[in-house]
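Just below is one structure, and these are the notes that go with it.
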Amino acid sequence: MPGWLNRSQLVLAAALLAAGVAQFLSNRLDSYVLSVAMGVGINIILASSLNLINGFTGQFSLGHAGFMAVGAYTAAVLTGKLAPQLQPIFGGHVELLFPFALIVGGLVAAVAGGLVGAPSLRLKGDYLAIVTLGFGEIIKVIFQNVEYVGGAKGLNAIPDYSNLFWVFGTTAITVYTVWALMNSTYGRGFLAVADDEIAAEAMGLNTTRYKMVAFVVGAFFAGIAGGLFAHLNNSINPSGFDFNKSIEIVVMVILGGMGRHTGVILAAILLTVLTELLRQFGDYRMVIYSLLLILLMLTRPQGLLIWPIRKSASRRTT
Amino acid sequence: MNRSPSVLRPTIGSFPTSWPTALLLGWLLLAGGCRRDSSPATSSTVEPIRIGEFSSLTGPLAGLGQYTHMGVVLAVEQINATGGIAGRPIELLAEDTGSKAGTAAPLVRKLISRDHVVAVIGEGASGRCLEGAYVAQGAGVPVVSPAATDPQVTAVGDCIFRVCFTDPFQGTVVAKFIRQNLGLRRVGLLVDTGSSYSVGLVDFFRKRLLADGGEVTGEQRYTSGDKDFRGQLTALKASHPEAIFAPCYFGEAGLILRQARELGIEVPLLGGDGWEAPELVEIAGSAAEGAMFPVHYSVRSTSESSHRFIDQFTARFQKPPTGVSALGYDALQLIADAIRRAGSTESPAIRDALKTTRGWTGVTGEISLDEERNARKPATIVRIEKGQLTFVCTVTP
């Protein structure tokens with residue numbers, strides 16, 4: 001199987017290179033276009049990582065904004081409040097401190113994912129949705145009450161380290177990781193859990209462990225997306241990571257097609273850009289947005305894109 | 001939702017055959033391609049002066065944002081009707097934050113880099129205003145906030161101004177009013193821990209109350225969006241306060257007032273400037289009677305300019321203005337005045353002119369901006385009587 005391995009890694013390398021070139025050319029774009037582009041990247045990370053949980057593994061998590069919040073706050077504290085202690089370690093190099101903060105943010109979010117997942121992933125379907133929904137709200141309330149991170153005022157004056165390279169580099173890595181995971185032998189386990197949990201268990205799969213891995217990996221990338229978001233907007237507020245934010249990400253996954261790589265990415269791009277383009281319609285934008293969502297769900301219930309017919313066929317034979 | 005994804009998997013299908021997707025993508029491309037380009041208009045027409053505004057036009061704080069926006073619109077229309085500024089009309093570009101956190105920063109980026117506004121009217125809610133303030137400060141574009149009272153907002157940098165008083169100021173003023181004018185000592189606190197505004201106000205209130213020999217009988221908490229405050233109010237009632245201070249926005253305030261009266265709490269209830277909106281009386285009904293709070297400006301004020309403003313506003317929008325309408329009006333007039341004084345529409349020149357604002361007369365009274373870019377002016381305490389705001393007194397800290 002080294003054939004596809006090499007090719008996909010080549011694609012990843014090309015994507016990283018493209019992110020670097022984009023960053024190099026970014027001073028030609030105005031900052032609004034830049035911020036929308038980065039918003040697109042962050043939403044792709046969020047949607048792809050939730051797709052791993054909701055789409056491929058067939059669980060229903062409503063707590064993605066909570067993991068995003070954990071990552072955002074952790075990374076922002078590291079680059080903001082703890083910067084005086086941390087900067088010397090990295091010799092004042094932001095290009096080292098920032099990815100470090102992002103990864104730590106992702107890891108803390110992954111630990112949070114593990115803590116939530118361990119007791120609740122034994123639950124099935126709707127129950128998990130309720131537990132994760134509760135988790136998201138708890139995270140929000142915790143941040144609202146911790147004075148160190150600004151409480152309800154939120155965390156402000158976060159340095160603006162996010163740029164096209166970091167955002168799209170991370171996006172490429174996220175998409176690659178989810179893709180590679182799903183195309184590995186281990187990844188078939190996720191699909192088995194999604195397709196029929198009882199059958200999967202009968203075949204000897206530890207379904208709880210598979211769900212747990214999907215959950216933790218998803219939370220990790222959501223945490224990284226949170227870190228990028230915090231360093232893009234310069235300020236974060238607990239109320240920005242509420243239930244509605246989770247639903248936004250769920251909508252991207254459902255619209256794109258649960259368990260579809262390309263469709264979900266396309267949906268993330270579409271919904272982010274759509275929100276911006278609809279601004280010119282003023283008060284009617286929410287009506288138009290909702291109508292478009294209904295229209296798309298009615299006409300494309302299977303997802304925006306039906307990409308490789310070959311893939312779905314091969315999946316069935318697995 | 002333990003549904004197998006294979007149910008959603010169709011048998012046939014390929015990318016370009018989906019007409020709605022193709023249609024939508026096409027429209028997006030078109031819309032993206034046809035965006036107004038930012039190059040100056042042809043020389044035959046006068047280029048307008050662009051001023052941006054970001055506020056909560058929808059969502060739970062729409063009552064605040066809409067009334068502010070109407071004040072701003074009135075000011076723009078009046079300036080344009082009298083020939084604009086040096087012959088150039090003002091073009092107002094208003095964006096809606098939807099009362100949501102995390103939306104203001106991209107909006108301000110859009111206003112500045114895409115619409116090329118020379119100055120921005122900030123959001124009335126402090127949290128959202130703060131998010132936008134960092135972006136504007138970074139770009140060097142001045143922001144004048146009509147009603148963001150959090151001290152942090154203008155501390156962001158030398159581009160951020162406000163035409164209202166601050167939270168330390170109003171927290172202090174209410175504490176002083178309770179101690180000296182009402183002669184009360186024991187106060188219960190009801191805090192919205194989800195709102196930076198509420199938390200900040202209570203902090204400053206407590207400091208002054210304790211310094212003046214007052215006493216906090218109890219502090220109860222809730223989070224924004226809660227609808228039932230009976231538990232907290234019952235606990236407060238049991239601590240026998242002589243007054244209750246519950247700073248929050250009008251939505252929660254209306255419910256708090258109503259539920260407090262239902263529970264038989266008869267002591268005075270006081271709030272912050274966030275209580276001022278017609279919705280407060282609409283929600284609380286007769287329970288709003290006797291509620292007191294500080295406002296930036298009383299529509300019952302006697303000055304001639306404020307009377308004229310009320311008449312013009314009512315004629316234009318078929319409803320009377322609130323305090324934030326007057327603040328929005330003043331914020332825009334102040335920017336216009338700064339542009340006239342600067343003789344330039346360059347952002348740094350406007351900022352420098354704003355910094356030197358001294359004794360400028362707006363409809364909310366005389367405004368002087370201090371070194372921290374805050375407006376110095378006294379607060380007016382009002383009481384609701386028969387559904388109307390009644391002037392009680394003016395308090396200085």
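Identifiers in the structure tokens: chain A, B, ... in order shown; residue index from 1 per chain; ligand index from 1 in order shown.
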Residue hits in chain A, query chain B, radius 7 Å, only C-alpha atoms, as a PDB file with N, CA, C and O atoms, in the first residue's frame:
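Writing the result to selection.pdb gives the following:
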```pdb
ATOM      1  N   ASP A  30      -6.615  42.703   1.031  1.00  0.00           N
ATOM      2  CA  ASP A  30      -6.998  43.561   2.146  1.00  0.00           C
ATOM      3  C   ASP A  30      -7.352  42.691   3.344  1.00  0.00           C
ATOM      4  O   ASP A  30      -7.629  41.496   3.219  1.00  0.00           O
ATOM      5  N   SER A  31      -7.315  43.298   4.522  1.00  0.00           N
ATOM      6  CA  SER A  31      -7.367  42.485   5.741  1.00  0.00           C
ATOM      7  C   SER A  31      -8.721  41.821   5.923  1.00  0.00           C
ATOM      8  O   SER A  31      -8.842  40.822   6.618  1.00  0.00           O
ATOM      9  N   TYR A  32      -9.758  42.370   5.299  1.00  0.00           N
ATOM     10  CA  TYR A  32     -11.073  41.730   5.406  1.00  0.00           C
ATOM     11  C   TYR A  32     -11.079  40.400   4.661  1.00  0.00           C
ATOM     12  O   TYR A  32     -11.481  39.372   5.200  1.00  0.00           O
ATOM     13  N   SER A  35      -9.148  37.927   6.594  1.00  0.00           N
ATOM     14  CA  SER A  35      -9.788  37.364   7.775  1.00  0.00           C
ATOM     15  C   SER A  35     -10.894  36.395   7.377  1.00  0.00           C
ATOM     16  O   SER A  35     -11.120  35.396   8.054  1.00  0.00           O
ATOM     17  N   GLY A  58     -20.313   8.022  13.353  1.00  0.00           N
ATOM     18  CA  GLY A  58     -21.748   7.916  13.566  1.00  0.00           C
ATOM     19  C   GLY A  58     -22.234   8.291  14.953  1.00  0.00           C
ATOM     20  O   GLY A  58     -23.321   7.931  15.355  1.00  0.00           O
ATOM     21  N   GLN A  59     -21.403   9.010  15.700  1.00  0.00           N
ATOM     22  CA  GLN A  59     -21.848   9.502  17.005  1.00  0.00           C
ATOM     23  C   GLN A  59     -22.497  10.862  16.798  1.00  0.00           C
ATOM     24  O   GLN A  59     -22.413  11.424  15.716  1.00  0.00           O
ATOM     25  N   PHE A  60     -23.133  11.410  17.823  1.00  0.00           N
ATOM     26  CA  PHE A  60     -23.709  12.736  17.638  1.00  0.00           C
ATOM     27  C   PHE A  60     -23.228  13.649  18.750  1.00  0.00           C
ATOM     28  O   PHE A  60     -23.760  13.660  19.837  1.00  0.00           O
ATOM     29  N   GLY A 125     -26.109   7.155  20.703  1.00  0.00           N
ATOM     30  CA  GLY A 125     -26.999   8.078  20.003  1.00  0.00           C
ATOM     31  C   GLY A 125     -27.374   9.324  20.772  1.00  0.00           C
ATOM     32  O   GLY A 125     -26.515  10.084  21.211  1.00  0.00           O
ATOM     33  N   ASP A 126     -28.667   9.521  20.944  1.00  0.00           N
ATOM     34  CA  ASP A 126     -29.204  10.763  21.506  1.00  0.00           C
ATOM     35  C   ASP A 126     -28.616  11.098  22.874  1.00  0.00           C
ATOM     36  O   ASP A 126     -28.453  12.253  23.218  1.00  0.00           O
ATOM     37  N   GLN A 144     -16.756  31.699  32.169  1.00  0.00           N
ATOM     38  CA  GLN A 144     -17.413  32.942  32.594  1.00  0.00           C
ATOM     39  C   GLN A 144     -17.104  33.266  34.047  1.00  0.00           C
ATOM     40  O   GLN A 144     -17.230  34.406  34.469  1.00  0.00           O
ATOM     41  N   ASN A 145     -16.725  32.240  34.814  1.00  0.00           N
ATOM     42  CA  ASN A 145     -16.539  32.471  36.240  1.00  0.00           C
ATOM     43  C   ASN A 145     -15.093  32.436  36.706  1.00  0.00           C
ATOM     44  O   ASN A 145     -14.833  32.638  37.879  1.00  0.00           O
ATOM     45  N   ALA A 152     -16.574  36.947  32.455  1.00  0.00           N
ATOM     46  CA  ALA A 152     -17.545  37.269  31.409  1.00  0.00           C
ATOM     47  C   ALA A 152     -17.003  38.301  30.429  1.00  0.00           C
ATOM     48  O   ALA A 152     -17.508  38.448  29.320  1.00  0.00           O
ATOM     49  N   LYS A 153     -15.963  39.040  30.856  1.00  0.00           N
ATOM     50  CA  LYS A 153     -15.403  40.051  29.953  1.00  0.00           C
ATOM     51  C   LYS A 153     -14.629  39.400  28.820  1.00  0.00           C
ATOM     52  O   LYS A 153     -14.310  40.028  27.838  1.00  0.00           O
ATOM     53  N   ALA A 194     -20.045   2.981  12.979  1.00  0.00           N
ATOM     54  CA  ALA A 194     -21.126   3.799  12.453  1.00  0.00           C
ATOM     55  C   ALA A 194     -22.197   2.941  11.800  1.00  0.00           C
ATOM     56  O   ALA A 194     -23.394   3.161  11.992  1.00  0.00           O
ATOM     57  N   ASP A 195     -21.760   1.955  11.041  1.00  0.00           N
ATOM     58  CA  ASP A 195     -22.727   1.170  10.269  1.00  0.00           C
ATOM     59  C   ASP A 195     -23.590   0.284  11.161  1.00  0.00           C
ATOM     60  O   ASP A 195     -24.805   0.252  11.021  1.00  0.00           O
ATOM     61  N   ASP A 196     -22.981  -0.435  12.067  1.00  0.00           N
ATOM     62  CA  ASP A 196     -23.752  -1.278  12.965  1.00  0.00           C
ATOM     63  C   ASP A 196     -22.920  -1.617  14.187  1.00  0.00           C
ATOM     64  O   ASP A 196     -22.014  -2.447  14.124  1.00  0.00           O
ATOM     65  N   ASN A 233      -8.897  36.825  16.035  1.00  0.00           N
ATOM     66  CA  ASN A 233      -9.839  37.874  16.469  1.00  0.00           C
ATOM     67  C   ASN A 233      -9.307  38.776  17.579  1.00  0.00           C
ATOM     68  O   ASN A 233      -9.965  39.741  17.942  1.00  0.00           O
ATOM     69  N   SER A 235      -9.576  38.714  20.527  1.00  0.00           N
ATOM     70  CA  SER A 235     -10.314  38.643  21.784  1.00  0.00           C
ATOM     71  C   SER A 235     -11.275  37.470  21.717  1.00  0.00           C
ATOM     72  O   SER A 235     -11.804  37.155  20.664  1.00  0.00           O
ATOM     73  N   ILE A 236     -11.448  36.805  22.851  1.00  0.00           N
ATOM     74  CA  ILE A 236     -12.415  35.708  22.902  1.00  0.00           C
ATOM     75  C   ILE A 236     -13.326  35.939  24.091  1.00  0.00           C
ATOM     76  O   ILE A 236     -12.929  36.533  25.094  1.00  0.00           O
ATOM     77  N   ASN A 237     -14.559  35.495  23.957  1.00  0.00           N
ATOM     78  CA  ASN A 237     -15.549  35.687  24.995  1.00  0.00           C
ATOM     79  C   ASN A 237     -16.292  34.362  25.169  1.00  0.00           C
ATOM     80  O   ASN A 237     -16.647  33.736  24.179  1.00  0.00           O
ATOM     81  N   SER A 239     -19.238  33.585  25.775  1.00  0.00           N
ATOM     82  CA  SER A 239     -20.548  33.462  25.137  1.00  0.00           C
ATOM     83  C   SER A 239     -20.427  33.235  23.629  1.00  0.00           C
ATOM     84  O   SER A 239     -21.407  32.888  22.975  1.00  0.00           O
ATOM     85  N   GLY A 240     -19.216  33.415  23.066  1.00  0.00           N
ATOM     86  CA  GLY A 240     -19.028  33.124  21.658  1.00  0.00           C
ATOM     87  C   GLY A 240     -18.889  31.627  21.374  1.00  0.00           C
ATOM     88  O   GLY A 240     -18.915  31.207  20.225  1.00  0.00           O
ATOM     89  N   MET A 258     -22.672  13.662   5.857  1.00  0.00           N
ATOM     90  CA  MET A 258     -21.979  13.000   6.977  1.00  0.00           C
ATOM     91  C   MET A 258     -21.007  11.975   6.437  1.00  0.00           C
ATOM     92  O   MET A 258     -21.378  11.129   5.618  1.00  0.00           O
ATOM     93  N   GLN A 302     -28.268  14.058   0.624  1.00  0.00           N
ATOM     94  CA  GLN A 302     -27.128  13.149   0.770  1.00  0.00           C
ATOM     95  C   GLN A 302     -25.811  13.904   0.902  1.00  0.00           C
ATOM     96  O   GLN A 302     -24.772  13.309   1.026  1.00  0.00           O
ATOM     97  N   LEU A 304     -23.551  17.815  -0.185  1.00  0.00           N
ATOM     98  CA  LEU A 304     -23.295  18.692  -1.325  1.00  0.00           C
ATOM     99  C   LEU A 304     -22.664  17.959  -2.487  1.00  0.00           C
ATOM    100  O   LEU A 304     -23.022  18.128  -3.632  1.00  0.00           O
ATOM    101  N   LEU A 305     -21.682  17.129  -2.147  1.00  0.00           N
ATOM    102  CA  LEU A 305     -20.882  16.485  -3.183  1.00  0.00           C
ATOM    103  C   LEU A 305     -20.955  14.989  -3.024  1.00  0.00           C
ATOM    104  O   LEU A 305     -20.859  14.487  -1.917  1.00  0.00           O
ATOM    105  N   ILE A 306     -21.157  14.308  -4.118  1.00  0.00           N
ATOM    106  CA  ILE A 306     -20.998  12.866  -4.042  1.00  0.00           C
ATOM    107  C   ILE A 306     -19.737  12.596  -4.812  1.00  0.00           C
ATOM    108  O   ILE A 306     -19.728  12.616  -6.039  1.00  0.00           O
ATOM    109  N   TRP A 307     -18.670  12.436  -4.115  1.00  0.00           N
ATOM    110  CA  TRP A 307     -17.377  12.438  -4.772  1.00  0.00           C
ATOM    111  C   TRP A 307     -17.022  11.099  -5.411  1.00  0.00           C
ATOM    112  O   TRP A 307     -17.551  10.783  -6.476  1.00  0.00           O
TER     113      TRP A 307
END
```
Which parts of stretch 132-316 of chain A does DSSP call alpha helix (DSSP H) when run on the backbone here, written out as a PyMOL selection string?
chain A and resi 132-145+164-182+185-195+197-202+207-233+243-256+261-277+285-299+309-316
When DSSP is applied to the backbone of this structure, which of stretch 118-209 of chain B are assigned strand (DSSP E or B)? Write them out as a list in words.
Ala119, Val120, Ile121, Val143, Val144, Ser145, Ile160, Phe161, Arg162, Arg186, Val187, Gly188, Leu189, Leu190, Val191 and Asp192 of chain B
Those same residues, written as a PDB file, in the first residue's frame with C-alpha atoms?
```pdb
ATOM      1  CA  ALA B 119     -14.251  56.633  11.437  1.00  0.00           C
ATOM      2  CA  VAL B 120     -16.470  54.092  13.160  1.00  0.00           C
ATOM      3  CA  ILE B 121     -19.419  54.346  15.534  1.00  0.00           C
ATOM      4  CA  VAL B 143     -13.967  54.674  17.049  1.00  0.00           C
ATOM      5  CA  VAL B 144     -16.534  56.651  18.997  1.00  0.00           C
ATOM      6  CA  SER B 145     -18.754  54.434  21.097  1.00  0.00           C
ATOM      7  CA  ILE B 160     -11.041  54.749  20.968  1.00  0.00           C
ATOM      8  CA  PHE B 161     -13.416  57.358  22.381  1.00  0.00           C
ATOM      9  CA  ARG B 162     -16.828  57.389  24.029  1.00  0.00           C
ATOM     10  CA  ARG B 186     -28.146  47.345  53.474  1.00  0.00           C
ATOM     11  CA  VAL B 187     -28.083  46.338  49.792  1.00  0.00           C
ATOM     12  CA  GLY B 188     -28.543  42.959  48.087  1.00  0.00           C
ATOM     13  CA  LEU B 189     -26.744  42.290  44.796  1.00  0.00           C
ATOM     14  CA  LEU B 190     -27.965  40.316  41.792  1.00  0.00           C
ATOM     15  CA  VAL B 191     -25.193  39.743  39.238  1.00  0.00           C
ATOM     16  CA  ASP B 192     -25.234  38.401  35.696  1.00  0.00           C
TER      17      ASP B 192
END
```
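Closest approach to B:Val72 from the set B:Leu389, B:Val324, B:Ile339, B:Val173 is made by B:Val324, with distances taken over only C-alpha atoms.
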Applying 10 Å and only C-alpha atoms, which residues near A:Leu107 remain after dropping the ones on its own chain fewer than 6 positions away? List them as an MDAnalysis selection string.
chainID A and resid 70:71 74 101 113 216:217 219:221 223:224
Selection near stretch 264-270 of chain B, 6 Å with only C-alpha atoms, sequence-local residues under 3 positions removed, as a list of chain:residue names:
B:Glu242, B:Ala243, B:Ile244, B:Phe245, B:Ala260, B:Arg261, B:Ala291, B:Met292, B:Phe293
Give me a file of those residues, with C-alpha atoms, as an mmCIF file, in the first residue's frame.
```cif
data_model
loop_
_atom_site.group_PDB
_atom_site.id
_atom_site.type_symbol
_atom_site.label_atom_id
_atom_site.label_comp_id
_atom_site.auth_asym_id
_atom_site.auth_seq_id
_atom_site.Cartn_x
_atom_site.Cartn_y
_atom_site.Cartn_z
ATOM 1 C CA GLU B 242 -33.195 47.727 52.125
ATOM 2 C CA ALA B 243 -32.533 47.921 48.387
ATOM 3 C CA ILE B 244 -31.500 45.557 45.598
ATOM 4 C CA PHE B 245 -28.960 46.487 42.940
ATOM 5 C CA ALA B 260 -39.398 40.407 42.596
ATOM 6 C CA ARG B 261 -42.808 42.028 42.979
ATOM 7 C CA ALA B 291 -37.465 51.133 39.612
ATOM 8 C CA MET B 292 -34.509 53.526 39.543
ATOM 9 C CA PHE B 293 -31.385 53.665 37.398
#
```
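Taking atom CA of B:Leu182 and atom CA of B:Val392 as the two end points, the separation is 11.0 Å.
With only C-alpha atoms as the basis for measurement, B:Asp167 is the residue among B:Glu346, B:Glu215, B:Asp337, B:Asp167 that approaches B:Val202 most closely.
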Tell me which protein, DNA and RNA residues are within 9 Å of A:Lys245, counting only C-alpha atoms, leaving out same-chain ones fewer than 5 positions away, and put them as a PDB file with all heavy atoms, in the first residue's frame.
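Heads up, here's the output in part-v4.pdb:
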```pdb
ATOM      1  N   HIS A  64     -18.767  20.581  20.203  1.00  0.00           N
ATOM      2  CA  HIS A  64     -17.529  20.945  19.527  1.00  0.00           C
ATOM      3  C   HIS A  64     -17.049  22.342  19.897  1.00  0.00           C
ATOM      4  O   HIS A  64     -15.857  22.582  20.009  1.00  0.00           O
ATOM      5  CB  HIS A  64     -17.695  20.813  18.018  1.00  0.00           C
ATOM      6  CG  HIS A  64     -16.539  20.109  17.376  1.00  0.00           C
ATOM      7  ND1 HIS A  64     -16.058  18.903  17.824  1.00  0.00           N
ATOM      8  CD2 HIS A  64     -15.747  20.453  16.327  1.00  0.00           C
ATOM      9  CE1 HIS A  64     -15.025  18.541  17.082  1.00  0.00           C
ATOM     10  NE2 HIS A  64     -14.820  19.458  16.173  1.00  0.00           N
ATOM     11  N   ALA A  65     -18.003  23.273  20.086  1.00  0.00           N
ATOM     12  CA  ALA A  65     -17.620  24.634  20.472  1.00  0.00           C
ATOM     13  C   ALA A  65     -16.942  24.639  21.838  1.00  0.00           C
ATOM     14  O   ALA A  65     -16.065  25.465  22.105  1.00  0.00           O
ATOM     15  CB  ALA A  65     -18.836  25.548  20.475  1.00  0.00           C
ATOM     16  N   GLY A 240     -19.216  33.415  23.066  1.00  0.00           N
ATOM     17  CA  GLY A 240     -19.028  33.124  21.658  1.00  0.00           C
ATOM     18  C   GLY A 240     -18.889  31.627  21.374  1.00  0.00           C
ATOM     19  O   GLY A 240     -18.915  31.207  20.225  1.00  0.00           O
ATOM     20  N   VAL A 250     -22.154  21.624  13.255  1.00  0.00           N
ATOM     21  CA  VAL A 250     -22.954  20.442  12.912  1.00  0.00           C
ATOM     22  C   VAL A 250     -23.642  20.647  11.559  1.00  0.00           C
ATOM     23  O   VAL A 250     -23.685  19.736  10.725  1.00  0.00           O
ATOM     24  CB  VAL A 250     -23.989  20.139  14.025  1.00  0.00           C
ATOM     25  CG1 VAL A 250     -24.962  19.066  13.560  1.00  0.00           C
ATOM     26  CG2 VAL A 250     -23.295  19.695  15.301  1.00  0.00           C
TER      27      VAL A 250
END
```
Quick one, how far is atom CA of A:Leu228 from atom CA of A:Val149?
17.3 Å
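Of note, atom CA of B:Thr217 and atom CA of B:Glu276 are spaced 26.0 Å apart.
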Would you list the contacts of A:Leu97 as a list in words, taking every protein, DNA or RNA residue within 8 Å and counting only C-alpha atoms, but skipping same-chain residues closer than 3 positions in sequence?
Thr79, Leu86, Gln87, Phe90, Gly92, His93, Val94, Phe100 and Ala101 of chain A
Go ahead and dump the residues you just picked, all heavy atoms, as a CSV table (one decimal), in the first residue's frame.
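What ended up in again_39.csv:
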```csv
chain,number,residue,atom,x,y,z
A,79,THR,N,0.2,32.4,25.0
A,79,THR,CA,0.8,33.5,24.2
A,79,THR,C,0.6,34.9,24.8
A,79,THR,O,1.4,35.8,24.5
A,79,THR,CB,0.3,33.5,22.8
A,79,THR,OG1,-1.1,33.8,22.8
A,79,THR,CG2,0.6,32.3,22.0
A,86,LEU,N,7.4,32.4,28.9
A,86,LEU,CA,7.6,31.4,27.9
A,86,LEU,C,8.5,32.0,26.8
A,86,LEU,O,9.3,31.2,26.1
A,86,LEU,CB,6.3,31.0,27.2
A,86,LEU,CG,5.5,30.0,28.1
A,86,LEU,CD1,4.1,29.8,27.5
A,86,LEU,CD2,6.2,28.7,28.2
A,87,GLN,N,8.4,33.3,26.5
A,87,GLN,CA,9.2,33.8,25.4
A,87,GLN,C,10.7,33.5,25.5
A,87,GLN,O,11.3,33.1,24.5
A,87,GLN,CB,9.0,35.4,25.3
A,87,GLN,CG,7.7,35.8,24.8
A,87,GLN,CD,7.6,35.7,23.2
A,87,GLN,OE1,8.4,35.0,22.6
A,87,GLN,NE2,6.6,36.3,22.7
A,90,PHE,N,11.8,30.2,24.1
A,90,PHE,CA,11.8,30.1,22.6
A,90,PHE,C,12.6,31.2,22.0
A,90,PHE,O,12.5,31.5,20.8
A,90,PHE,CB,10.3,30.2,22.1
A,90,PHE,CG,9.5,29.0,22.5
A,90,PHE,CD1,8.6,29.2,23.5
A,90,PHE,CD2,9.6,27.8,21.8
A,90,PHE,CE1,7.9,28.1,23.9
A,90,PHE,CE2,8.8,26.8,22.2
A,90,PHE,CZ,8.0,26.9,23.3
A,92,GLY,N,12.3,34.3,22.2
A,92,GLY,CA,11.5,35.4,21.6
A,92,GLY,C,11.0,35.1,20.2
A,92,GLY,O,10.5,36.0,19.6
A,93,HIS,N,11.1,33.9,19.8
A,93,HIS,CA,10.6,33.5,18.4
A,93,HIS,C,9.1,33.2,18.5
A,93,HIS,O,8.8,32.1,18.9
A,93,HIS,CB,11.4,32.4,17.8
A,93,HIS,CG,12.8,32.8,17.5
A,93,HIS,ND1,13.1,33.6,16.4
A,93,HIS,CD2,14.0,32.4,18.0
A,93,HIS,CE1,14.4,33.8,16.3
A,93,HIS,NE2,15.0,33.1,17.3
A,94,VAL,N,8.3,34.1,17.9
A,94,VAL,CA,6.9,33.8,17.9
A,94,VAL,C,6.6,32.6,17.0
A,94,VAL,O,5.7,31.8,17.3
A,94,VAL,CB,6.2,35.1,17.3
A,94,VAL,CG1,4.7,34.8,17.0
A,94,VAL,CG2,6.3,36.2,18.3
A,100,PHE,N,3.6,26.0,19.4
A,100,PHE,CA,3.6,25.3,20.7
A,100,PHE,C,2.3,25.6,21.5
A,100,PHE,O,1.7,24.6,22.0
A,100,PHE,CB,4.8,25.9,21.5
A,100,PHE,CG,4.8,25.5,23.0
A,100,PHE,CD1,5.2,24.2,23.4
A,100,PHE,CD2,4.4,26.4,24.0
A,100,PHE,CE1,5.2,23.8,24.7
A,100,PHE,CE2,4.4,26.0,25.3
A,100,PHE,CZ,4.8,24.8,25.7
A,101,ALA,N,1.9,26.8,21.5
A,101,ALA,CA,0.6,27.2,22.2
A,101,ALA,C,-0.5,26.5,21.5
A,101,ALA,O,-1.4,25.9,22.2
A,101,ALA,CB,0.4,28.7,22.2
```
So which one's closest to A:Gly134, A:Ile53, A:Leu62, A:Ala109, A:Val175? Using only C-alpha atoms, please.
A:Leu62
Residues near stretch 178-181 of chain A, cut-off 8 Å, only C-alpha atoms, skip fewer than 6 positions along chain, as an MDAnalysis selection string
chainID A and resid 48:49 52 187 261
Which is closer to A:Pro301 than all the others in A:Ile254, A:Ile265, A:Ala76, A:Ala172, using only C-alpha atoms?
A:Ile254
